[in-house]
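So this block is model08.txt, compact mmCIF, C-alpha atoms:
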```txt
# COMPACT_ATOMS: atom_id res chain seq x y z
CA MET A 1 0.00 0.00 0.00
CA ALA A 2 1.37 3.34 -1.04
CA SER A 3 1.72 5.80 1.77
CA VAL A 4 1.26 9.56 1.34
CA ARG A 5 3.79 11.80 2.94
CA PHE A 6 2.18 15.06 4.12
CA THR A 7 5.09 17.28 3.37
CA PRO A 8 4.49 21.07 3.57
CA LEU A 9 4.84 21.29 -0.20
CA TYR A 10 2.16 18.60 -0.75
CA VAL A 11 -0.25 20.31 1.66
CA LEU A 12 0.26 23.64 -0.11
CA TYR A 13 -0.39 22.02 -3.51
CA LYS A 14 -3.64 20.41 -2.25
CA LEU A 15 -4.85 23.66 -0.72
CA PHE A 16 -4.17 25.51 -3.97
CA SER A 17 -6.05 23.01 -6.16
CA TRP A 18 -9.06 22.92 -3.76
CA ASN A 19 -9.25 26.73 -3.83
CA GLN A 20 -9.24 26.64 -7.64
CA VAL A 21 -12.24 24.27 -7.68
CA LYS A 22 -14.08 26.36 -5.09
CA LEU A 23 -13.38 29.55 -7.06
CA LYS A 24 -14.76 28.06 -10.29
CA ARG A 25 -17.91 26.85 -8.52
CA GLU A 26 -18.55 30.23 -6.92
CA CYS A 27 -17.89 31.93 -10.24
CA TYR A 28 -20.56 29.79 -11.94
CA LEU A 29 -23.12 30.23 -9.17
CA SER A 30 -22.69 33.99 -9.03
CA ASP A 31 -23.14 34.24 -12.82
CA GLU A 32 -19.67 35.78 -13.11
CA LYS A 33 -17.61 35.05 -16.16
CA PRO A 34 -13.90 34.33 -15.86
CA ALA A 35 -11.70 36.96 -17.41
CA GLY A 36 -9.99 36.20 -20.69
CA GLY A 37 -10.28 33.08 -22.70
CA GLY A 38 -6.80 32.26 -23.62
CA LYS A 39 -4.77 29.16 -23.14
CA GLY A 40 -4.18 28.02 -19.61
CA ALA A 41 -1.27 26.12 -18.21
CA GLY A 42 -0.35 22.93 -19.98
CA GLY A 43 -1.45 24.18 -23.43
CA LYS A 44 -5.12 23.42 -22.81
CA ARG A 45 -7.63 26.04 -23.95
CA SER A 46 -9.60 27.40 -20.99
CA PRO A 47 -13.32 28.11 -21.64
CA SER A 48 -14.04 31.56 -23.01
CA PRO A 49 -17.00 33.77 -21.93
CA ALA A 50 -18.74 32.72 -25.16
CA ASP A 51 -18.42 29.07 -24.11
CA TYR A 52 -19.95 29.88 -20.73
CA ASP A 53 -22.82 31.71 -22.44
CA ALA A 54 -23.43 28.77 -24.77
CA GLN A 55 -23.42 26.33 -21.85
CA ARG A 56 -25.77 28.55 -19.88
CA LYS A 57 -28.16 28.80 -22.84
CA GLU A 58 -28.07 25.02 -23.19
CA ILE A 59 -28.86 24.57 -19.49
CA ASP A 60 -31.66 27.14 -19.68
CA GLY A 61 -33.09 25.33 -22.70
CA LEU A 62 -33.06 22.05 -20.79
CA TYR A 63 -34.79 23.71 -17.83
CA ASP A 64 -37.48 25.06 -20.20
CA GLN A 65 -37.98 21.58 -21.64
CA ILE A 66 -38.37 20.14 -18.14
CA GLU A 67 -40.81 22.90 -17.14
CA SER A 68 -42.92 22.50 -20.28
CA SER A 69 -43.05 18.70 -20.03
CA ARG A 70 -44.18 19.02 -16.41
CA PHE A 71 -47.42 20.69 -17.60
CA ASP A 72 -48.62 18.06 -20.02
CA LEU A 73 -52.35 18.59 -20.20
CA PRO A 74 -54.66 15.61 -20.32
CA MET A 75 -56.88 16.06 -23.38
CA LEU A 76 -59.83 13.69 -23.30
CA LYS A 77 -61.92 13.39 -26.45
CA ILE A 78 -65.27 12.31 -25.01
CA THR A 79 -67.32 12.47 -28.22
CA GLU A 80 -66.48 13.00 -31.87
CA HIS A 81 -66.47 16.79 -31.57
CA THR A 82 -66.03 17.30 -27.81
CA LEU A 83 -62.82 17.68 -25.84
CA MET A 84 -62.59 17.61 -22.05
CA VAL A 85 -59.61 19.21 -20.33
CA PRO A 86 -59.37 18.66 -16.56
CA LEU A 87 -57.25 21.36 -14.87
CA VAL A 88 -55.50 20.39 -11.65
CA GLY A 89 -53.34 22.25 -9.12
CA ALA A 90 -52.21 25.83 -9.39
CA VAL A 91 -52.61 27.73 -12.65
CA ASP A 92 -49.91 30.31 -13.34
CA SER A 93 -49.18 32.36 -16.46
CA VAL A 94 -47.02 29.61 -18.05
CA LYS A 95 -49.63 26.93 -17.50
CA SER A 96 -52.50 29.14 -18.66
CA GLN A 97 -50.60 29.97 -21.85
CA LYS A 98 -50.06 26.25 -22.44
CA ILE A 99 -53.78 25.59 -21.90
CA MET A 100 -54.59 28.22 -24.52
CA GLU A 101 -52.06 26.88 -27.05
CA ASP A 102 -52.94 23.20 -26.60
CA VAL A 103 -56.69 23.77 -26.79
CA LEU A 104 -56.48 26.04 -29.85
CA ASP A 105 -54.03 23.77 -31.64
CA SER A 106 -56.32 20.76 -31.19
CA ILE A 107 -59.50 22.43 -32.53
CA LYS A 108 -58.71 22.05 -36.23
CA PRO A 109 -57.22 18.52 -36.31
CA MET A 110 -59.93 17.15 -34.01
CA GLN A 111 -62.76 19.15 -35.67
CA LEU A 112 -63.95 20.23 -32.23
CA LYS A 113 -67.25 21.96 -31.60
CA VAL A 114 -67.21 22.00 -27.79
CA VAL A 115 -64.36 22.22 -25.27
CA VAL A 116 -65.10 21.52 -21.59
CA LEU A 117 -62.57 23.03 -19.17
CA ASP A 118 -63.06 21.37 -15.79
CA VAL A 119 -61.70 23.66 -13.06
CA ALA A 120 -62.82 21.51 -10.11
CA GLY A 121 -59.18 20.59 -9.44
CA ILE A 122 -57.86 24.16 -9.42
CA LYS A 123 -56.92 25.30 -5.93
CA VAL A 124 -57.35 29.05 -6.34
CA VAL A 125 -59.25 30.92 -9.07
CA ASP A 126 -58.10 34.52 -8.83
CA SER A 127 -58.78 37.38 -11.24
CA ALA A 128 -55.80 36.43 -13.46
CA VAL A 129 -56.99 32.84 -13.85
CA ALA A 130 -60.59 33.96 -14.47
CA ALA A 131 -59.42 36.50 -17.06
CA HIS A 132 -57.39 33.85 -18.80
CA LEU A 133 -60.27 31.37 -18.87
CA ILE A 134 -62.43 34.06 -20.48
CA LYS A 135 -59.68 34.68 -23.02
CA VAL A 136 -59.51 30.96 -23.85
CA ALA A 137 -63.30 30.86 -24.27
CA LYS A 138 -63.28 33.90 -26.59
CA ALA A 139 -60.35 32.57 -28.64
CA THR A 140 -61.98 29.17 -29.12
CA ARG A 141 -65.17 30.90 -30.26
CA LEU A 142 -63.15 32.66 -32.97
CA MET A 143 -62.38 29.19 -34.30
CA GLY A 144 -66.03 28.20 -34.23
CA CYS A 145 -65.80 26.21 -31.00
CA LYS A 146 -67.81 26.65 -27.82
CA THR A 147 -66.13 26.51 -24.39
CA ILE A 148 -67.91 25.39 -21.23
CA ILE A 149 -66.23 25.85 -17.86
CA SER A 150 -67.37 23.22 -15.39
CA GLY A 151 -66.71 22.46 -11.73
CA ILE A 152 -67.19 25.99 -10.44
CA SER A 153 -67.85 25.74 -6.72
CA SER A 154 -69.90 28.24 -4.73
CA ILE A 155 -66.75 29.76 -3.22
CA ILE A 156 -65.11 30.18 -6.63
CA SER A 157 -68.27 31.75 -8.10
CA GLN A 158 -68.42 34.17 -5.15
CA ASN A 159 -64.75 35.02 -5.66
CA ILE A 160 -65.25 35.67 -9.38
CA VAL A 161 -68.24 37.94 -8.72
CA ASN A 162 -66.39 39.78 -5.93
CA LEU A 163 -63.44 40.32 -8.25
CA GLY A 164 -65.77 41.98 -10.77
CA VAL A 165 -64.84 39.69 -13.64
CA ASP A 166 -67.25 39.94 -16.57
CA VAL A 167 -68.47 36.39 -17.15
CA ARG A 168 -71.23 37.16 -19.67
CA ASP A 169 -69.23 35.53 -22.45
CA LEU A 170 -68.69 32.36 -20.45
CA GLU A 171 -70.90 29.31 -20.25
CA THR A 172 -70.42 27.79 -16.80
CA THR A 173 -71.77 24.77 -14.96
CA SER A 174 -71.31 23.59 -11.39
CA THR A 175 -70.71 19.96 -12.28
CA LEU A 176 -68.92 18.12 -15.07
CA GLN A 177 -72.08 16.11 -15.70
CA ASP A 178 -74.03 19.26 -16.59
CA ALA A 179 -71.25 20.38 -18.91
CA ILE A 180 -71.20 17.01 -20.68
CA ASN A 181 -74.99 17.13 -21.08
CA ILE A 182 -74.70 20.56 -22.74
CA ALA A 183 -71.85 19.29 -24.93
CA TYR A 184 -73.95 16.31 -26.02
CA LYS A 185 -76.85 18.61 -26.85
CA GLU A 186 -74.58 20.84 -28.93
CA ASN A 187 -73.50 17.78 -30.91
CA GLY A 188 -77.08 16.53 -31.35
CA LEU A 189 -76.53 13.66 -28.93
CA LYS A 190 -78.57 12.58 -25.92
CA LEU A 191 -77.76 10.51 -22.86
CA VAL A 192 -80.31 7.72 -22.55
CA LYS A 193 -80.68 5.38 -19.59
CA VAL A 194 -80.63 1.80 -20.72
CA ASP A 195 -83.03 -0.48 -18.86
CA ASP A 196 -81.57 -3.72 -17.54
CA MET B 1 -62.64 52.22 -58.32
CA THR B 2 -60.07 49.42 -57.85
CA GLU B 3 -60.90 45.86 -58.85
CA LEU B 4 -61.29 43.34 -56.01
CA VAL B 5 -58.67 40.60 -56.08
CA SER B 6 -60.35 38.23 -53.60
CA LYS B 7 -61.60 35.03 -55.19
CA GLN B 8 -65.36 34.44 -54.98
CA THR B 9 -67.35 31.24 -55.58
CA VAL B 10 -71.06 30.67 -55.02
CA ILE B 11 -72.44 27.43 -53.55
CA ASP B 12 -76.22 27.13 -52.88
CA THR B 13 -76.82 30.90 -52.84
CA ILE B 14 -73.91 31.40 -50.43
CA ALA B 15 -70.90 33.35 -51.68
CA ILE B 16 -67.55 32.14 -50.41
CA ILE B 17 -64.95 34.89 -50.45
CA ASP B 18 -61.30 33.92 -50.05
CA LEU B 19 -60.37 37.30 -48.70
CA ASP B 20 -57.16 38.98 -49.83
CA ARG B 21 -55.69 41.58 -47.48
CA LYS B 22 -55.12 43.99 -50.39
CA ASP B 23 -58.89 44.42 -50.78
CA LEU B 24 -59.20 45.79 -47.25
CA GLU B 25 -57.01 48.73 -48.28
CA ALA B 26 -59.52 49.93 -50.89
CA ALA B 27 -61.67 52.93 -49.98
CA ASN B 28 -65.09 51.38 -50.53
CA TYR B 29 -64.44 47.66 -50.25
CA GLY B 30 -67.67 47.05 -48.30
CA SER B 31 -70.00 48.26 -51.03
CA GLN B 32 -67.90 46.59 -53.74
CA PHE B 33 -68.17 43.21 -52.02
CA ALA B 34 -71.92 43.73 -51.44
CA GLU B 35 -72.46 44.54 -55.13
CA ARG B 36 -70.43 41.57 -56.28
CA ILE B 37 -72.29 39.17 -53.98
CA LYS B 38 -75.70 40.53 -55.02
CA SER B 39 -74.80 40.26 -58.69
CA GLU B 40 -74.46 36.50 -58.16
CA GLN B 41 -77.90 36.34 -56.44
CA ALA B 42 -76.31 35.12 -53.22
CA THR B 43 -78.13 35.67 -49.92
CA GLY B 44 -75.29 34.76 -47.58
CA ALA B 45 -71.53 35.22 -47.49
CA VAL B 46 -68.66 33.30 -45.97
CA VAL B 47 -65.50 35.34 -45.51
CA ASN B 48 -62.57 32.93 -45.50
CA LEU B 49 -59.40 34.19 -43.76
CA ALA B 50 -57.33 31.06 -44.46
CA SER B 51 -54.77 33.09 -46.44
CA PHE B 52 -54.11 35.39 -43.45
CA GLN B 53 -51.00 34.18 -41.63
CA TYR B 54 -51.64 36.73 -38.91
CA ILE B 55 -54.58 38.98 -38.05
CA THR B 56 -54.00 42.48 -36.73
CA SER B 57 -56.38 44.71 -34.81
CA ASP B 58 -56.70 46.81 -38.00
CA ASP B 59 -57.85 43.69 -39.86
CA ILE B 60 -60.48 43.08 -37.18
CA GLY B 61 -61.66 46.69 -37.57
CA CYS B 62 -61.92 46.24 -41.35
CA LEU B 63 -63.80 42.95 -40.90
CA HIS B 64 -66.26 44.65 -38.52
CA HIS B 65 -66.86 47.25 -41.22
CA LEU B 66 -67.22 44.66 -44.01
CA VAL B 67 -69.62 42.44 -42.02
CA ALA B 68 -71.70 45.47 -40.96
CA VAL B 69 -72.02 46.66 -44.59
CA LEU B 70 -72.98 43.18 -45.81
CA GLU B 71 -75.54 42.65 -43.02
CA VAL B 72 -77.14 46.05 -43.74
CA ALA B 73 -77.31 45.05 -47.41
CA GLY B 74 -79.27 41.96 -46.34
CA ILE B 75 -76.43 39.45 -46.73
CA GLN B 76 -75.94 37.16 -43.73
CA THR B 77 -72.23 36.78 -43.09
CA CYS B 78 -69.96 34.36 -41.28
CA VAL B 79 -66.17 34.62 -40.96
CA CYS B 80 -64.05 31.46 -40.97
CA GLY B 81 -60.50 30.17 -41.36
CA ILE B 82 -58.90 31.98 -38.42
CA ASN B 83 -55.74 30.10 -37.43
CA SER B 84 -54.90 29.15 -33.85
CA ALA B 85 -51.95 31.53 -33.54
CA SER B 86 -54.09 34.53 -34.52
CA ALA B 87 -56.94 33.39 -32.25
CA ALA B 88 -54.54 33.11 -29.31
CA LEU B 89 -53.12 36.58 -29.82
CA ILE B 90 -56.01 38.70 -31.03
CA TYR B 91 -57.64 39.22 -27.63
CA ASN B 92 -54.49 40.86 -26.36
CA PHE B 93 -55.21 43.75 -28.76
CA VAL B 94 -58.98 43.66 -29.27
CA ASP B 95 -61.71 43.58 -26.60
CA THR B 96 -64.63 42.27 -28.62
CA VAL B 97 -65.26 40.67 -31.97
CA ARG B 98 -68.70 41.48 -33.34
CA PHE B 99 -69.17 38.86 -36.05
CA THR B 100 -70.05 35.19 -36.18
CA THR B 101 -67.15 32.82 -36.71
CA ALA B 102 -66.74 29.20 -37.77
CA LEU B 103 -63.84 26.79 -38.11
CA ASP B 104 -63.89 26.26 -41.89
CA THR B 105 -66.03 27.03 -44.92
CA GLN B 106 -68.22 23.95 -44.49
CA SER B 107 -69.00 24.84 -40.87
CA ALA B 108 -69.68 28.43 -41.91
CA ILE B 109 -72.11 27.30 -44.65
CA ASP B 110 -73.88 25.06 -42.09
CA GLU B 111 -74.02 27.97 -39.65
CA LEU B 112 -75.63 30.26 -42.27
CA LYS B 113 -78.11 27.59 -43.36
CA ASN B 114 -79.21 26.92 -39.76
CA ARG B 115 -79.90 30.58 -38.98
```
Could you take the file, read its structure, and then write that structure out as structure tokens?
Amino acid sequence: MASVRFTPLYVLYKLFSWNQVKLKRECYLSDEKPAGGGKGAGGKRSPSPADYDAQRKEIDGLYDQIESSRFDLPMLKITEHTLMVPLVGAVDSVKSQKIMEDVLDSIKPMQLKVVVLDVAGIKVVDSAVAAHLIKVAKATRLMGCKTIISGISSIISQNIVNLGVDVRDLETTSTLQDAINIAYKENGLKLVKVDD
Amino acid sequence: MTELVSKQTVIDTIAIIDLDRKDLEAANYGSQFAERIKSEQATGAVVNLASFQYITSDDIGCLHHLVAVLEVAGIQTCVCGINSASAALIYNFVDTVRFTTALDTQSAIDELKNR
């Protein structure tokens, strides 16, 4: 077994290399770029500020991909021309934008006539969320599609009214069942109870 | 008076206009479209915006004007062919849209027939 002799020179060398690593780490975390970009000791080319920028852009891009994949919306086609989108958790500006894009992008390929946005799983419906839902409803109507917002509880409806949001353009229902009944009616369908 | 460049076809007394943006720059495009539709004995009109890659607030203003002129002239009108990108953006610039819309020309024809 090889033994290590802790000579003063060896300890100094170790301390120096550890400080170099620590310095680089702090430099990266504090978003500070190292000066210069020339060749370091040993003939190796040290990374230039442009390299750091490129790496940072790459990392940011990966973060964006992770963030966007986290908000994959479930899109449930319940009849030929009806789409149901259950919304769960907190809705922020990124998620609301994704809702808008995904719903609008699916109207033409799916030949949709009705979109049901179920907000029963949304924790808080504030003025921003309500405004965005109205915007989605208006935008879908431009593409010839009707939007029904279902799952509005009594507390949420009180909040929306207290916030002074204009909901005249919105069709709302308290339960998903009511929304699906309206969607069926819009498509000329009817739910019939089958006798045993 | 400038000649309209938008293509027009008539199916079952409904005129389908593939709208060209250049026509919205003419001074009296509303009356010109109304005359052209009436000359073909059409009672309804579908304004197809499929050739518009983007729709500006000015375009919406022009469409309001065109639809209003046609409706006053007794021609029921429906606008169709708005793409998803335009639909997503337009409400950031415009508060209300005062015309009936449909997904495509077939849906617009159905909409006019069911009125």
Please list as a CSV table (one decimal) with C-alpha atoms, in the frame of the given file every residue within 10 Å of Val94 (chain B), counting all atoms listed in the file and excluding residues in the same chain fewer than 6 positions away.
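See out_13.csv below for the written result:
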```
chain,number,residue,atom,x,y,z
B,56,THR,CA,-54.0,42.5,-36.7
B,57,SER,CA,-56.4,44.7,-34.8
B,58,ASP,CA,-56.7,46.8,-38.0
B,60,ILE,CA,-60.5,43.1,-37.2
B,61,GLY,CA,-61.7,46.7,-37.6
```
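When all atoms listed in the file are used to compute distances to Thr101 (chain B), the closest of the residues B:Leu24, B:Ala87, B:Cys78, B:Leu70 turns out to be B:Cys78.
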**Asked** Which residue, B:Leu66, B:Ala102, B:Ala108, B:Leu89, has the smallest gap to chain A when you use all atoms listed in the file?
**Response**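 Closest to chain A of all the choices is B:Ala102.
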**Asked** Got a sec to pull out which chain B residues are within 9 Å of chain A, counting all atoms listed in the file, and send them as a list in words?
**Response**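 Output check: Val79, Cys80, Gly81, Ile82, Asn83, Ser84, Ala85, Ser86, Ala87, Ala88, Leu89, Ile90, Tyr91, Asn92, Thr96, Val97, Thr100, Thr101, Ala102, Leu103, Asp104, Ser107 and Ala108 of chain B.
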How about saving the chosen residues, C-alpha atoms kept, as a compact mmCIF listing (two decimals), in the frame of the given file?
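Printed below is out01.txt as written:
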```
# COMPACT_ATOMS: atom_id res chain seq x y z
CA VAL B 79 -66.17 34.62 -40.96
CA CYS B 80 -64.05 31.46 -40.97
CA GLY B 81 -60.50 30.17 -41.36
CA ILE B 82 -58.90 31.98 -38.42
CA ASN B 83 -55.74 30.10 -37.43
CA SER B 84 -54.90 29.15 -33.85
CA ALA B 85 -51.95 31.53 -33.54
CA SER B 86 -54.09 34.53 -34.52
CA ALA B 87 -56.94 33.39 -32.25
CA ALA B 88 -54.54 33.11 -29.31
CA LEU B 89 -53.12 36.58 -29.82
CA ILE B 90 -56.01 38.70 -31.03
CA TYR B 91 -57.64 39.22 -27.63
CA ASN B 92 -54.49 40.86 -26.36
CA THR B 96 -64.63 42.27 -28.62
CA VAL B 97 -65.26 40.67 -31.97
CA THR B 100 -70.05 35.19 -36.18
CA THR B 101 -67.15 32.82 -36.71
CA ALA B 102 -66.74 29.20 -37.77
CA LEU B 103 -63.84 26.79 -38.11
CA ASP B 104 -63.89 26.26 -41.89
CA SER B 107 -69.00 24.84 -40.87
CA ALA B 108 -69.68 28.43 -41.91
```
**Request:** Grab the CA of Glu3 (chain B) to CA of Leu19 (chain B) distance for me, in Å with one decimal place.
**Result:** 13.3 Å
**Message:** Would you pick out the contacts of Ala68 (chain B) at 10 Å or less, using only C-alpha atoms, so that residues sharing its chain but fewer than 5 positions from it are not included, and give the list as a list of chain:residue names?
**Reply:** B:Gly30, B:Cys62, B:Leu63, B:Ala73, B:Gly74, B:Ile75, B:Gln76, B:Thr77, B:Arg98, B:Phe99
**Computed interatomic separation between CA of Asn48 (chain B) and CA of Asp20 (chain B) (Å)** = 9.2 Å
**Prompt:** Between CA of His81 (chain A) and CA of His132 (chain A), what is the spacing in Å?
**Reply:**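 If I compute the distance from CA of His132 (chain A) to CA of His81 (chain A), I get 23.2 Å.
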**Asked** Can you list, as a VMD selection string, every protein, DNA or RNA residue that comes within 8 Å of Ala137 (chain A) when you count only C-alpha atoms, leaving out same-chain residues fewer than 6 positions away?
**Response** chain A and resid 146 to 148 169 to 170
**Request:** Can you pull out every residue within 10 Å of region 149-157 of chain A, counting all atoms listed in the file, but drop anything in the same chain fewer than 4 positions away, and send it as a ChimeraX atom specification?
**Result:** /A:84-86,115-126,130,133-134,137,161-163,170-180
Can I get the selection written as a compact mmCIF listing (two decimals), in the frame of the given file, with C-alpha atoms?
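Generated output (result-v3.txt):
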```txt
# COMPACT_ATOMS: atom_id res chain seq x y z
CA MET A 84 -62.59 17.61 -22.05
CA VAL A 85 -59.61 19.21 -20.33
CA PRO A 86 -59.37 18.66 -16.56
CA VAL A 115 -64.36 22.22 -25.27
CA VAL A 116 -65.10 21.52 -21.59
CA LEU A 117 -62.57 23.03 -19.17
CA ASP A 118 -63.06 21.37 -15.79
CA VAL A 119 -61.70 23.66 -13.06
CA ALA A 120 -62.82 21.51 -10.11
CA GLY A 121 -59.18 20.59 -9.44
CA ILE A 122 -57.86 24.16 -9.42
CA LYS A 123 -56.92 25.30 -5.93
CA VAL A 124 -57.35 29.05 -6.34
CA VAL A 125 -59.25 30.92 -9.07
CA ASP A 126 -58.10 34.52 -8.83
CA ALA A 130 -60.59 33.96 -14.47
CA LEU A 133 -60.27 31.37 -18.87
CA ILE A 134 -62.43 34.06 -20.48
CA ALA A 137 -63.30 30.86 -24.27
CA VAL A 161 -68.24 37.94 -8.72
CA ASN A 162 -66.39 39.78 -5.93
CA LEU A 163 -63.44 40.32 -8.25
CA LEU A 170 -68.69 32.36 -20.45
CA GLU A 171 -70.90 29.31 -20.25
CA THR A 172 -70.42 27.79 -16.80
CA THR A 173 -71.77 24.77 -14.96
CA SER A 174 -71.31 23.59 -11.39
CA THR A 175 -70.71 19.96 -12.28
CA LEU A 176 -68.92 18.12 -15.07
CA GLN A 177 -72.08 16.11 -15.70
CA ASP A 178 -74.03 19.26 -16.59
CA ALA A 179 -71.25 20.38 -18.91
CA ILE A 180 -71.20 17.01 -20.68
```
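Using only C-alpha atoms for every distance, the candidate list A:Ile182, A:Val194, A:Leu87, A:Ala131 yields A:Ala131 as the residue closest to Val167 (chain A).
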**Message:** Using only C-alpha atoms, list the residues that have an atom at most 10 Å from (-72.4, 30.7, -59.9), coordinates as in the file, as a list in words.
**Reply:**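 Final list of nearby residues, as requested, is Gln8, Thr9, Val10, Ile11, Asp12, Thr13, Ile14, Ala15, Ser39, Glu40, Gln41 and Ala42 of chain B.
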**Message:** Counting only C-alpha atoms, I want the residues whose atoms come within 8 Å of (-64.0, 36.2, -55.8) in the file frame, returned as a list of chain:residue names.
**Reply:**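 Output: B:Leu4, B:Val5, B:Ser6, B:Lys7, B:Gln8, B:Thr9, B:Ile16, B:Ile17, B:Asp18.
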